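The file start-v9.tsv comes next; it holds TSV, C-alpha atoms and all ligand atoms.
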```tsv
chain	number	residue	atom	x	y	z
A	1041	MET	CA	0.00	0.00	0.00
A	1042	ARG	CA	1.34	3.41	-0.92
A	1043	ARG	CA	0.67	6.12	1.59
A	1044	VAL	CA	0.21	9.87	1.59
A	1045	VAL	CA	2.31	11.44	4.31
A	1046	SER	CA	2.18	14.98	5.71
A	1047	PHE	CA	5.11	16.24	7.73
A	1048	HIS	CA	6.88	19.29	9.08
A	1049	TYR	CA	10.62	19.53	8.70
A	1050	THR	CA	13.65	21.62	9.45
A	1051	LEU	CA	16.55	21.09	7.07
A	1052	THR	CA	20.12	21.70	8.20
A	1053	ASP	CA	23.52	21.27	6.56
A	1054	PRO	CA	26.57	19.59	8.17
A	1055	SER	CA	27.51	22.84	9.96
A	1056	ALA	CA	24.00	22.86	11.56
A	1057	ARG	CA	22.96	25.90	9.54
A	1058	THR	CA	19.21	25.91	8.88
A	1059	LEU	CA	18.60	25.82	5.13
A	1060	ASP	CA	14.83	25.52	5.09
A	1061	THR	CA	11.89	24.79	7.35
A	1062	SER	CA	8.15	24.27	7.03
A	1063	ALA	CA	7.54	25.70	10.50
A	1064	GLY	CA	4.97	28.47	10.44
A	1065	GLY	CA	3.41	27.19	7.23
A	1066	PRO	CA	1.43	24.17	6.11
A	1067	PRO	CA	3.08	20.74	6.31
A	1068	VAL	CA	4.48	19.13	3.19
A	1069	THR	CA	2.19	16.41	1.80
A	1070	TYR	CA	3.49	13.81	-0.65
A	1071	LEU	CA	2.68	10.46	-2.22
A	1072	GLU	CA	5.29	7.83	-1.39
A	1073	GLY	CA	7.59	6.82	-4.22
A	1074	ALA	CA	6.32	9.54	-6.55
A	1075	GLY	CA	9.42	11.74	-6.56
A	1076	GLN	CA	7.59	14.57	-4.78
A	1077	ILE	CA	10.32	14.81	-2.16
A	1078	ILE	CA	13.99	13.79	-2.37
A	1079	ASP	CA	14.55	10.02	-2.63
A	1080	GLY	CA	16.57	9.61	0.55
A	1081	LEU	CA	13.89	11.22	2.69
A	1082	ASP	CA	11.04	9.34	1.01
A	1083	GLU	CA	12.81	6.00	1.55
A	1084	GLN	CA	13.56	6.64	5.22
A	1085	LEU	CA	10.03	7.74	6.11
A	1086	ARG	CA	8.36	4.57	4.74
A	1087	THR	CA	7.72	3.14	8.20
A	1088	ALA	CA	7.06	6.43	10.01
A	1089	LEU	CA	3.71	6.79	11.73
A	1090	ALA	CA	1.67	9.89	12.48
A	1091	GLY	CA	3.11	11.68	15.49
A	1092	ALA	CA	6.63	10.36	14.93
A	1093	LYS	CA	9.51	12.74	15.45
A	1094	THR	CA	12.65	11.58	13.78
A	1095	ARG	CA	15.99	12.81	12.46
A	1096	VAL	CA	16.73	11.67	8.92
A	1097	GLN	CA	20.23	11.96	7.48
A	1098	VAL	CA	20.36	12.03	3.70
A	1099	PRO	CA	23.75	11.81	1.99
A	1100	ALA	CA	24.24	14.19	-0.95
A	1101	ALA	CA	24.02	11.31	-3.44
A	1102	LYS	CA	20.43	10.63	-2.30
A	1103	ALA	CA	19.53	14.31	-2.12
A	1104	TYR	CA	20.64	16.73	-4.84
A	1105	GLY	CA	23.54	14.62	-6.09
A	1106	GLU	CA	27.24	15.32	-6.28
A	1107	PRO	CA	28.42	18.45	-8.10
A	1108	ASP	CA	28.97	17.77	-11.80
A	1109	PRO	CA	32.19	19.43	-13.03
A	1110	SER	CA	30.72	19.69	-16.54
A	1111	GLN	CA	28.12	22.08	-15.11
A	1112	VAL	CA	30.87	24.64	-14.48
A	1113	GLN	CA	31.54	26.71	-17.58
A	1114	ARG	CA	33.73	29.61	-18.56
A	1115	VAL	CA	32.01	32.31	-20.55
A	1116	LYS	CA	32.81	35.80	-21.82
A	1117	ARG	CA	31.51	38.35	-19.39
A	1118	THR	CA	29.93	40.31	-22.23
A	1119	LEU	CA	27.65	37.33	-22.99
A	1120	LEU	CA	25.94	37.44	-19.60
A	1121	PRO	CA	22.40	38.85	-19.44
A	1122	VAL	CA	23.35	41.04	-16.48
A	1123	GLU	CA	23.81	44.79	-16.30
A	1124	GLY	CA	26.35	46.50	-14.08
A	1125	GLU	CA	28.87	45.05	-11.65
A	1126	LEU	CA	29.28	41.29	-11.25
A	1127	LYS	CA	30.62	39.65	-8.14
A	1128	VAL	CA	31.40	36.14	-6.99
A	1129	GLY	CA	28.31	34.56	-5.44
A	1130	ASP	CA	25.84	36.40	-7.70
A	1131	ILE	CA	23.00	34.18	-8.87
A	1132	PHE	CA	20.93	34.72	-12.00
A	1133	GLN	CA	18.98	32.92	-14.66
A	1134	ALA	CA	21.03	31.97	-17.72
A	1135	GLY	CA	18.48	33.03	-20.31
A	1136	GLU	CA	15.18	34.74	-20.99
A	1137	ASP	CA	13.10	31.58	-20.55
A	1138	ARG	CA	11.81	31.19	-17.01
A	1139	HIS	CA	12.89	27.53	-17.14
A	1140	ALA	CA	16.47	28.54	-17.95
A	1141	PRO	CA	18.94	27.14	-15.41
A	1142	VAL	CA	19.92	29.20	-12.40
A	1143	VAL	CA	23.66	29.73	-12.34
A	1144	LYS	CA	26.09	31.10	-9.78
A	1145	ILE	CA	29.26	33.06	-10.44
A	1146	VAL	CA	32.10	31.15	-8.80
A	1147	ALA	CA	35.02	33.17	-10.19
A	1148	ILE	CA	35.76	36.24	-12.29
A	1149	GLU	CA	38.99	36.15	-14.28
A	1150	GLY	CA	39.64	39.18	-16.46
A	1151	ASP	CA	36.90	39.36	-19.06
A	1152	GLU	CA	35.80	35.79	-18.35
A	1153	VAL	CA	33.42	34.45	-15.75
A	1154	LEU	CA	33.15	30.93	-14.31
A	1155	LEU	CA	29.52	29.88	-13.96
A	1156	ASP	CA	28.26	26.94	-11.90
A	1157	ALA	CA	24.87	25.50	-12.90
A	1158	ASN	CA	24.86	22.77	-10.25
A	1159	HIS	CA	22.01	22.78	-7.73
A	1160	PRO	CA	23.05	24.93	-4.74
A	1161	LEU	CA	22.71	21.85	-2.50
A	1162	ALA	CA	24.67	19.51	-4.79
A	1163	GLY	CA	27.35	17.77	-2.71
A	1164	VAL	CA	25.72	18.74	0.60
A	1165	ASP	CA	24.74	16.06	3.12
A	1166	LEU	CA	21.34	16.99	4.53
A	1167	THR	CA	19.75	16.47	7.94
A	1168	PHE	CA	15.98	16.66	8.26
A	1169	ASP	CA	14.32	16.94	11.65
A	1170	VAL	CA	10.91	15.59	10.77
A	1171	GLU	CA	7.60	15.53	12.59
A	1172	VAL	CA	5.05	13.34	10.85
A	1173	VAL	CA	1.67	15.06	11.08
A	1174	ALA	CA	-0.61	12.63	9.25
A	1175	VAL	CA	-0.48	9.37	7.32
A	1176	ARG	CA	-3.27	7.83	5.24
A	1177	PRO	CA	-3.61	5.42	2.33
A	1178	ALA	CA	-3.34	7.06	-1.09
A	1179	THR	CA	-6.65	7.34	-2.95
A	1180	PRO	CA	-7.06	5.61	-6.34
A	1181	GLU	CA	-7.15	9.06	-7.94
A	1182	GLU	CA	-3.84	10.04	-6.35
A	1183	LEU	CA	-2.27	6.79	-7.54
A	1184	ARG	CA	-3.48	7.51	-11.09
A	1185	HIS	CA	-2.16	11.09	-10.96
A	1186	GLY	CA	1.13	10.11	-9.36
A	1187	HIS	CA	0.98	12.78	-6.64
A	1188	ALA	CA	-0.75	13.63	-3.39
A	1189	HIS	CA	-3.78	15.90	-3.29
A	1190	ASP	CA	-4.86	17.76	-0.14
A	1191	ALA	CA	-3.70	16.58	3.28
A	1192	ASP	CA	-7.19	15.08	3.79
A	1193	GLY	CA	-7.34	13.55	0.29
A	1194	GLY	CA	-10.43	15.43	-0.81
A	1195	GLY	CA	-11.63	18.12	-3.13
A	1196	HIS	CA	-8.93	18.43	-5.71
A	1197	CYS	CA	-9.35	18.45	-9.44
A	1198	HIS	CA	-7.07	19.39	-12.32
A	1201	ZN	ZN	-3.93	15.14	-9.10
```

Please express the file's structure as structure tokens.
Amino acid sequence: MRRVVSFHYTLTDPSARTLDTSAGGPPVTYLEGAGQIIDGLDEQLRTALAGAKTRVQVPAAKAYGEPDPSQVQRVKRTLLPVEGELKVGDIFQAGEDRHAPVVKIVAIEGDEVLLDANHPLAGVDLTFDVEVVAVRPATPEELRHGHAHDADGGGHCH
């Protein structure tokens, strides 16, 4: 039986810096095994019951993957769609299309810029402090759609 799980989480990196949290907002609701949350977290919550509080460690390979060196490219500064001063750490979209990859400037060398298109959390081992809020069986409709609907399973159409 595949389940729909709702949970709150706080995500920290290996230096205990908080990267993200659902506190103060609605819990995250997902269908197990549907790729709605990162694989490593999905796998480790398979036996969690409502009310469970647990710490889940997800190695980078099961989260956002290891950084891919081929995603770092050197380009002429004049080709960048950015006005004004550039500095290391700047993040922008590499194109007009809103689906264009987000890239980060990792170095500026003369009239060339080194751009990294890896996910910002690539190579980072993640720790999730999770509180499971609710667990229920997935509905047939959710199984057909391949994702969770509302936390209570009702009233959703698309
Ligand atoms: Zn749906």

- Message: List as an MDAnalysis selection string the protein and nucleic acid residues lying within 6 Å of ligand ZN 1201 (chain A), with only C-alpha atoms and all ligand atoms counted.
- Response: chainID A and resid 1182 1185 1187 1189

- Task: Work out how far CA of Ala1101 in chain A is from CA of Val1128 in chain A, in Å to one decimal.
- Result: 26.1 Å

- Please, what distance in Å, to one decimal, runs between CA of Pro1099 in chain A and CA of Asp1156 in chain A? 21.0 Å

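Of the residues listed (A:Pro1107, A:Gly1186, A:Pro1066, A:Gly1073), A:Pro1107 shows the shortest atom-to-atom separation from Ala1157 in chain A; distances use only C-alpha atoms.
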
- Task: Fewer than 3 positions away in the same chain doesn't count, so skip those; otherwise give me all residues within 8 Å of Lys1127 in chain A, counting all atoms listed in the file, as a PyMOL selection string.
- Result: chain A and resi 1130+1145+1148

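Each of A:Pro1177, A:Gly1075, A:Gly1080, A:Pro1109 was compared to Val1045 in chain A using all atoms listed in the file, and A:Pro1177 turns out to be the nearest.
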
- In Å, how far is it from CA of Leu1081 in chain A to CA of Gly1065 in chain A?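 Rounded to one decimal, the two atoms are 19.6 Å apart.
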
- Item | Among the residues A:Val1153, A:Asp1165, A:Ala1188, A:Val1115, the one that comes closest to Ile1077 in chain A [using all atoms listed in the file] | A:Ala1188

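The residue that comes closest to Lys1116 in chain A, out of A:Asp1060, A:Asp1053, A:Glu1152, A:Glu1171 and on the basis of all atoms listed in the file, is A:Glu1152.
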
- Task: Tell me which of A:Leu1183, A:Val1146, A:Val1173, A:Leu1161 sits closest to Gly1091 in chain A, counting all atoms listed in the file.
- Result: A:Val1173

- Query: Given the choices A:Thr1094, A:Thr1087, A:Thr1058, A:Gln1113, which gets closest to Lys1144 in chain A if the distance is worked out from only C-alpha atoms?
  - Reply: A:Gln1113
